[in-house]
Every structure is written in C-alpha cells, then in structure tokens.
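J.: For reference, this is structure.tsv, and it has TSV, C-alpha atoms.
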chain	number	residue	atom	x	y	z
O	30	MET	CA	-13.28	-27.75	-3.37
O	31	THR	CA	-9.76	-29.19	-3.29
O	32	GLU	CA	-7.19	-28.31	-0.65
O	33	ARG	CA	-5.17	-26.41	-3.27
O	34	GLU	CA	-8.23	-24.31	-4.22
O	35	THR	CA	-8.90	-23.54	-0.55
O	36	THR	CA	-5.26	-22.54	-0.08
O	37	ARG	CA	-5.49	-20.22	-3.11
O	38	LEU	CA	-8.67	-18.59	-1.80
O	39	VAL	CA	-7.23	-17.93	1.64
O	40	ALA	CA	-3.97	-16.74	0.09
O	41	TRP	CA	-5.53	-13.40	-1.02
O	42	SER	CA	-5.97	-12.32	2.60
O	43	GLN	CA	-2.44	-13.47	3.39
O	44	GLU	CA	-1.07	-11.67	0.32
O	45	LEU	CA	-2.71	-8.42	1.38
O	46	ARG	CA	-1.31	-8.67	4.90
O	47	GLN	CA	2.16	-9.40	3.50
O	48	VAL	CA	2.09	-6.42	1.14
O	49	HIS	CA	0.95	-4.12	3.93
O	50	ARG	CA	3.76	-5.43	6.16
O	51	ARG	CA	6.35	-4.82	3.43
O	52	LEU	CA	5.07	-1.30	2.77
O	53	ARG	CA	5.23	-0.53	6.50
O	54	GLU	CA	8.83	-1.80	6.54
O	55	ALA	CA	9.72	0.27	3.46
O	56	LEU	CA	8.36	3.39	5.12
O	57	SER	CA	10.26	2.58	8.30
O	58	VAL	CA	13.53	2.14	6.38
O	59	THR	CA	12.93	5.40	4.53
O	60	ARG	CA	12.30	7.29	7.75
O	61	ALA	CA	15.31	5.68	9.45
O	62	SER	CA	17.52	6.70	6.54
O	63	LEU	CA	16.30	10.26	6.88
O	64	ALA	CA	16.73	10.28	10.66
O	65	ASP	CA	20.25	8.86	10.34
O	66	GLY	CA	21.43	12.22	9.04
O	67	THR	CA	24.50	10.88	7.26
O	68	PRO	CA	25.97	13.94	5.56
O	69	GLY	CA	27.00	14.18	1.96
O	70	GLU	CA	25.92	13.16	-1.50
O	71	SER	CA	25.79	9.46	-0.62
O	72	ALA	CA	23.03	10.00	1.97
O	73	THR	CA	21.05	12.12	-0.49
O	74	ARG	CA	21.24	9.40	-3.15
O	75	GLU	CA	20.22	6.76	-0.60
O	76	LEU	CA	17.25	8.81	0.55
O	77	LEU	CA	16.16	9.44	-3.04
O	78	LEU	CA	16.34	5.70	-3.70
O	79	TYR	CA	14.31	4.81	-0.60
O	80	CYS	CA	11.68	7.52	-1.17
O	81	HIS	CA	11.21	6.76	-4.85
O	82	GLY	CA	11.14	3.02	-4.19
O	83	PHE	CA	8.59	3.40	-1.42
O	84	CYS	CA	6.40	5.76	-3.49
O	85	THR	CA	6.50	3.42	-6.48
O	86	ALA	CA	5.62	0.39	-4.36
O	87	LEU	CA	2.71	2.09	-2.58
O	88	ASP	CA	1.36	3.55	-5.85
O	89	GLY	CA	1.59	0.15	-7.54
O	90	HIS	CA	-0.23	-1.52	-4.66
O	91	HIS	CA	-3.12	0.92	-4.78
O	92	GLN	CA	-3.39	0.91	-8.57
O	93	GLY	CA	-3.59	-2.89	-8.57
O	94	GLU	CA	-6.33	-2.84	-5.95
O	95	ASP	CA	-8.32	-0.19	-7.84
O	96	ARG	CA	-7.90	-1.92	-11.21
O	97	THR	CA	-8.39	-5.60	-10.29
O	98	LEU	CA	-9.11	-6.42	-6.66
O	99	PHE	CA	-11.84	-3.91	-5.84
O	100	PRO	CA	-13.91	-4.63	-8.98
O	101	ALA	CA	-13.77	-8.35	-8.15
O	102	ILE	CA	-14.91	-7.66	-4.57
O	103	ALA	CA	-17.69	-5.33	-5.78
O	104	ALA	CA	-18.96	-8.01	-8.17
O	105	ALA	CA	-19.01	-10.70	-5.47
O	106	HIS	CA	-20.12	-8.41	-2.59
O	107	PRO	CA	-22.08	-5.39	-3.86
O	108	GLU	CA	-22.87	-4.42	-0.27
O	109	LEU	CA	-19.19	-3.45	0.11
O	110	ARG	CA	-19.24	-0.80	-2.62
O	111	PRO	CA	-19.35	2.09	-0.08
O	112	VAL	CA	-16.30	0.62	1.68
O	113	LEU	CA	-14.48	0.26	-1.65
O	114	ARG	CA	-15.31	3.86	-2.60
O	115	SER	CA	-13.88	5.04	0.72
O	116	LEU	CA	-10.71	3.01	0.16
O	117	GLU	CA	-10.37	4.42	-3.38
O	118	GLN	CA	-10.70	7.94	-1.97
O	119	ASP	CA	-7.87	7.10	0.45
O	120	HIS	CA	-5.81	5.92	-2.52
O	121	SER	CA	-6.35	9.25	-4.24
O	122	MET	CA	-5.37	11.21	-1.11
O	123	ILE	CA	-2.26	9.05	-0.57
O	124	ALA	CA	-1.27	9.51	-4.24
O	125	HIS	CA	-1.47	13.28	-3.74
O	126	LEU	CA	0.72	13.05	-0.62
O	127	LEU	CA	3.22	10.84	-2.47
O	128	ASP	CA	3.40	13.39	-5.30
O	129	SER	CA	4.19	16.10	-2.73
O	130	LEU	CA	6.88	13.89	-1.20
O	131	ARG	CA	8.42	13.19	-4.62
O	132	ALA	CA	8.50	16.91	-5.39
O	133	ALA	CA	10.17	17.63	-2.04
O	134	VAL	CA	12.76	14.90	-2.61
O	135	ASP	CA	13.45	16.09	-6.18
O	136	ARG	CA	14.15	19.63	-4.99
O	137	ALA	CA	16.33	18.34	-2.13
O	138	ALA	CA	14.08	19.68	0.64
O	139	PRO	CA	15.59	19.73	4.13
O	140	PRO	CA	15.28	16.54	6.21
O	141	GLU	CA	12.71	18.11	8.56
O	142	GLU	CA	10.37	18.83	5.64
O	143	LEU	CA	10.82	15.36	4.19
O	144	ASP	CA	10.05	13.81	7.56
O	145	GLN	CA	6.84	15.87	7.77
O	146	HIS	CA	5.77	14.44	4.43
O	147	LEU	CA	6.61	10.91	5.56
O	148	GLU	CA	4.84	11.37	8.88
O	149	GLY	CA	1.64	12.45	7.12
O	150	ILE	CA	1.84	9.53	4.71
O	151	ALA	CA	2.52	7.12	7.57
O	152	ALA	CA	-0.53	8.27	9.53
O	153	ILE	CA	-2.96	8.02	6.63
O	154	MET	CA	-1.40	4.83	5.26
O	155	GLU	CA	-1.66	3.06	8.62
O	156	ASN	CA	-5.26	4.14	9.13
O	157	HIS	CA	-6.08	3.02	5.58
O	158	PHE	CA	-4.39	-0.37	5.98
O	159	ARG	CA	-6.17	-1.10	9.27
O	160	TYR	CA	-9.58	-0.15	7.86
O	161	GLU	CA	-8.96	-2.18	4.71
O	162	GLU	CA	-7.91	-5.22	6.72
O	163	ARG	CA	-10.93	-4.95	9.07
O	164	GLN	CA	-13.34	-4.62	6.17
O	165	LEU	CA	-11.86	-6.94	3.56
O	166	LEU	CA	-9.75	-9.76	5.01
O	167	THR	CA	-12.74	-12.01	5.67
O	168	VAL	CA	-14.03	-11.35	2.15
O	169	LEU	CA	-10.61	-12.08	0.68
O	170	GLU	CA	-10.59	-15.50	2.33
O	171	THR	CA	-13.48	-16.52	0.06
O	172	LEU	CA	-12.79	-14.40	-3.03
O	173	GLU	CA	-12.36	-16.34	-6.23
O	174	LEU	CA	-9.98	-14.29	-8.34
O	175	ALA	CA	-7.82	-15.90	-10.98
O	176	ALA	CA	-5.00	-13.37	-11.18
O	177	VAL	CA	-1.32	-12.94	-10.43
O	178	PRO	CA	-0.81	-11.46	-6.93
O	179	ARG	CA	1.81	-9.01	-8.23
O	180	GLU	CA	-0.73	-7.55	-10.67
O	181	VAL	CA	-3.45	-7.33	-8.02
O	182	LEU	CA	-1.48	-6.11	-5.00
O	183	GLY	CA	1.53	-4.38	-6.52
O	184	PRO	CA	5.17	-5.18	-7.22
O	185	LEU	CA	6.24	-6.31	-3.75
Translate this structure into structure tokens?
T.:
Amino acid sequence: MTERETTRLVAWSQELRQVHRRLREALSVTRASLADGTPGESATRELLLYCHGFCTALDGHHQGEDRTLFPAIAAAHPELRPVLRSLEQDHSMIAHLLDSLRAAVDRAAPPEELDQHLEGIAAIMENHFRYEERQLLTVLETLELAAVPREVLGPL
C-alpha cells in the first residue's frame, strides 16, 4: 500500500471528526445568535439563516452516512450492523427534531421555544456523535471507500 493510499484510508476518520466539529460549531453559532436577543427583523432573518443552514447541514451529513458510508461499513464489517442500525435510528430521531425546529422557526416561535428545540437537538446530536466516533473511527481508518467526502459526509 502506498503512502497516498494509507493517507486516503485514514482520511475517512479525520473527515468524520471534522464534519462533527463543524456541525457542533454551527449549532453553537445558532444558539449564540438566539441568545444574543438582537431585536428586529434583522435578527429574525439571521436566526432563520442559521437554523436553516444548520438543519440542512446536519440532514445532509446523516443522509450521506445512511446512503453511502454505512452500507460500505456493513459490507466490510457485518458485525457492526447493530451499531449502524442504532445510528440510523438516531438519524431518524434527529430528523424529526429538526423538522420540529424548522416548523418553529417558520412560524416565528419565541426565542425560549427555539432554544428548547436547539437544546434537545444538541443533547441527542452530541450523544450520537460520541457513540459514532467510539464505534466507527477505528473502522474508518481502514475502510476502503472510493467516494467524494462531500457525498459521504454531507456538504460541509
């Protein structure tokens, strides 16, 4: 195996960590924008932008994992299928929470309600990311997957 091939193999674990870090940052920025409490239409537009951007990024990340990454892991490591099913269930639950957040943002819910949505998403998302990293990072260091990271891990 060449050095370049080894670098590409290890890069999947690094890519996953990077995407998780960026999603954590996006959630933090969204919550900070909400907590800032800047009055007026400008703050509402900014919050809408952050919330929709965060929701889109997290959805894209999970869809890419479900569509490309998890099937590749299941093929190479069938013993991890129960872990992958659990992660996919998390994706479904997070998608439901994101839909609720989008609906709250679209109807201009009060900041306290929006923060409750974000707090719930943050708790589940963090638990999901930590579990995923504990279970899959070692596997990702040896996974041979010829794909574009953006398609596998989302548009971040």
J.: May I have the residues within 12 Å of Glu148 in chain O as a compact mmCIF listing (two decimals) with C-alpha atoms, in the frame of the given file, using only C-alpha atoms and disregarding those fewer than 3 positions away in the same chain?
T.:
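File produced: part_14.txt:
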# COMPACT_ATOMS: atom_id res chain seq x y z
CA LEU O 56 8.36 3.39 5.12
CA SER O 57 10.26 2.58 8.30
CA THR O 59 12.93 5.40 4.53
CA ARG O 60 12.30 7.29 7.75
CA ALA O 61 15.31 5.68 9.45
CA LEU O 63 16.30 10.26 6.88
CA LEU O 126 0.72 13.05 -0.62
CA LEU O 127 3.22 10.84 -2.47
CA LEU O 130 6.88 13.89 -1.20
CA PRO O 140 15.28 16.54 6.21
CA GLU O 141 12.71 18.11 8.56
CA GLU O 142 10.37 18.83 5.64
CA LEU O 143 10.82 15.36 4.19
CA ASP O 144 10.05 13.81 7.56
CA GLN O 145 6.84 15.87 7.77
CA ALA O 151 2.52 7.12 7.57
CA ALA O 152 -0.53 8.27 9.53
CA ILE O 153 -2.96 8.02 6.63
CA MET O 154 -1.40 4.83 5.26
CA GLU O 155 -1.66 3.06 8.62
J.: Separation of CA of His90 in chain O and CA of Leu182 in chain O, in Å?
T.: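 Here the two named atoms are 4.8 Å from each other.
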J.: Record the distance separating CA of Ala40 in chain O and CA of Met122 in chain O, expressed in Å with one decimal.
T.: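 Pair CA of Ala40 in chain O / CA of Met122 in chain O returns 28.0 Å.
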J.: With distances taken over all atoms listed in the file, which residue among O:Ile150, O:Leu166, O:Ala175, O:Leu78 lies nearest Ser129 in chain O?
T.: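 Of O:Ile150, O:Leu166, O:Ala175, O:Leu78, the one nearest Ser129 in chain O, counting all atoms listed in the file, is O:Ile150.
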J.: Taking all atoms listed in the file into account, name the residue in O:Leu113, O:Val134, O:Ala124, O:Leu45 that is nearest to Pro100 in chain O.
T.: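 Among the listed residues, O:Leu113 lies closest to Pro100 in chain O.
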J.: With distances taken over only C-alpha atoms, which residue among O:Arg114, O:His106, O:His120, O:Arg50 lies nearest Gly89 in chain O?
T.: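 Going through O:Arg114, O:His106, O:His120, O:Arg50 one by one, the smallest distance to Gly89 in chain O is for O:His120.
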J.: List the spatial neighbours of Ala101 in chain O as a ChimeraX atom specification - criterion: any atom at most 9 Å away, only C-alpha atoms, same-chain residues fewer than 3 positions off excluded.
T.: /O:97-98,104-106,172-174
J.: In Å to one decimal, how far is CA of Val58 in chain O from CA of Leu165 in chain O?
T.: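 These two atoms are separated by 27.1 Å.
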J.: For each of O:Ala138, O:Glu94, O:Trp41, O:Leu116, take the minimum atom-to-atom distance to His157 in chain O, counting only C-alpha atoms, then give the residue where this is smallest.
T.: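 Closest candidate: O:Leu116.
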J.: Which polymer residues, protein or nucleic acid, are no farther than 12 Å from (5.8, -5.5, 3.8), counting only C-alpha atoms, as an NGL selection string?
T.: :O and (43-58 or 83 or 86-87 or 90 or 158 or 182-185)
J.: Could you write those residues out with C-alpha atoms, as a PDB file, keeping the file's coordinate frame?
T.:
ATOM      1  CA  GLN O  43      -2.440 -13.470   3.390  1.00  0.00           C
ATOM      2  CA  GLU O  44      -1.070 -11.670   0.320  1.00  0.00           C
ATOM      3  CA  LEU O  45      -2.710  -8.420   1.380  1.00  0.00           C
ATOM      4  CA  ARG O  46      -1.310  -8.670   4.900  1.00  0.00           C
ATOM      5  CA  GLN O  47       2.160  -9.400   3.500  1.00  0.00           C
ATOM      6  CA  VAL O  48       2.090  -6.420   1.140  1.00  0.00           C
ATOM      7  CA  HIS O  49       0.950  -4.120   3.930  1.00  0.00           C
ATOM      8  CA  ARG O  50       3.760  -5.430   6.160  1.00  0.00           C
ATOM      9  CA  ARG O  51       6.350  -4.820   3.430  1.00  0.00           C
ATOM     10  CA  LEU O  52       5.070  -1.300   2.770  1.00  0.00           C
ATOM     11  CA  ARG O  53       5.230  -0.530   6.500  1.00  0.00           C
ATOM     12  CA  GLU O  54       8.830  -1.800   6.540  1.00  0.00           C
ATOM     13  CA  ALA O  55       9.720   0.270   3.460  1.00  0.00           C
ATOM     14  CA  LEU O  56       8.360   3.390   5.120  1.00  0.00           C
ATOM     15  CA  SER O  57      10.260   2.580   8.300  1.00  0.00           C
ATOM     16  CA  VAL O  58      13.530   2.140   6.380  1.00  0.00           C
ATOM     17  CA  PHE O  83       8.590   3.400  -1.420  1.00  0.00           C
ATOM     18  CA  ALA O  86       5.620   0.390  -4.360  1.00  0.00           C
ATOM     19  CA  LEU O  87       2.710   2.090  -2.580  1.00  0.00           C
ATOM     20  CA  HIS O  90      -0.230  -1.520  -4.660  1.00  0.00           C
ATOM     21  CA  PHE O 158      -4.390  -0.370   5.980  1.00  0.00           C
ATOM     22  CA  LEU O 182      -1.480  -6.110  -5.000  1.00  0.00           C
ATOM     23  CA  GLY O 183       1.530  -4.380  -6.520  1.00  0.00           C
ATOM     24  CA  PRO O 184       5.170  -5.180  -7.220  1.00  0.00           C
ATOM     25  CA  LEU O 185       6.240  -6.310  -3.750  1.00  0.00           C
TER      26      LEU O 185
END
J.: Give the answer as one residue: which of O:Ile102, O:Pro139, O:His91, O:Arg179 has the shortest atom-to-atom distance to Glu117 in chain O, using only C-alpha atoms?
T.: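 Result for the nearest residue to Glu117 in chain O: O:His91.
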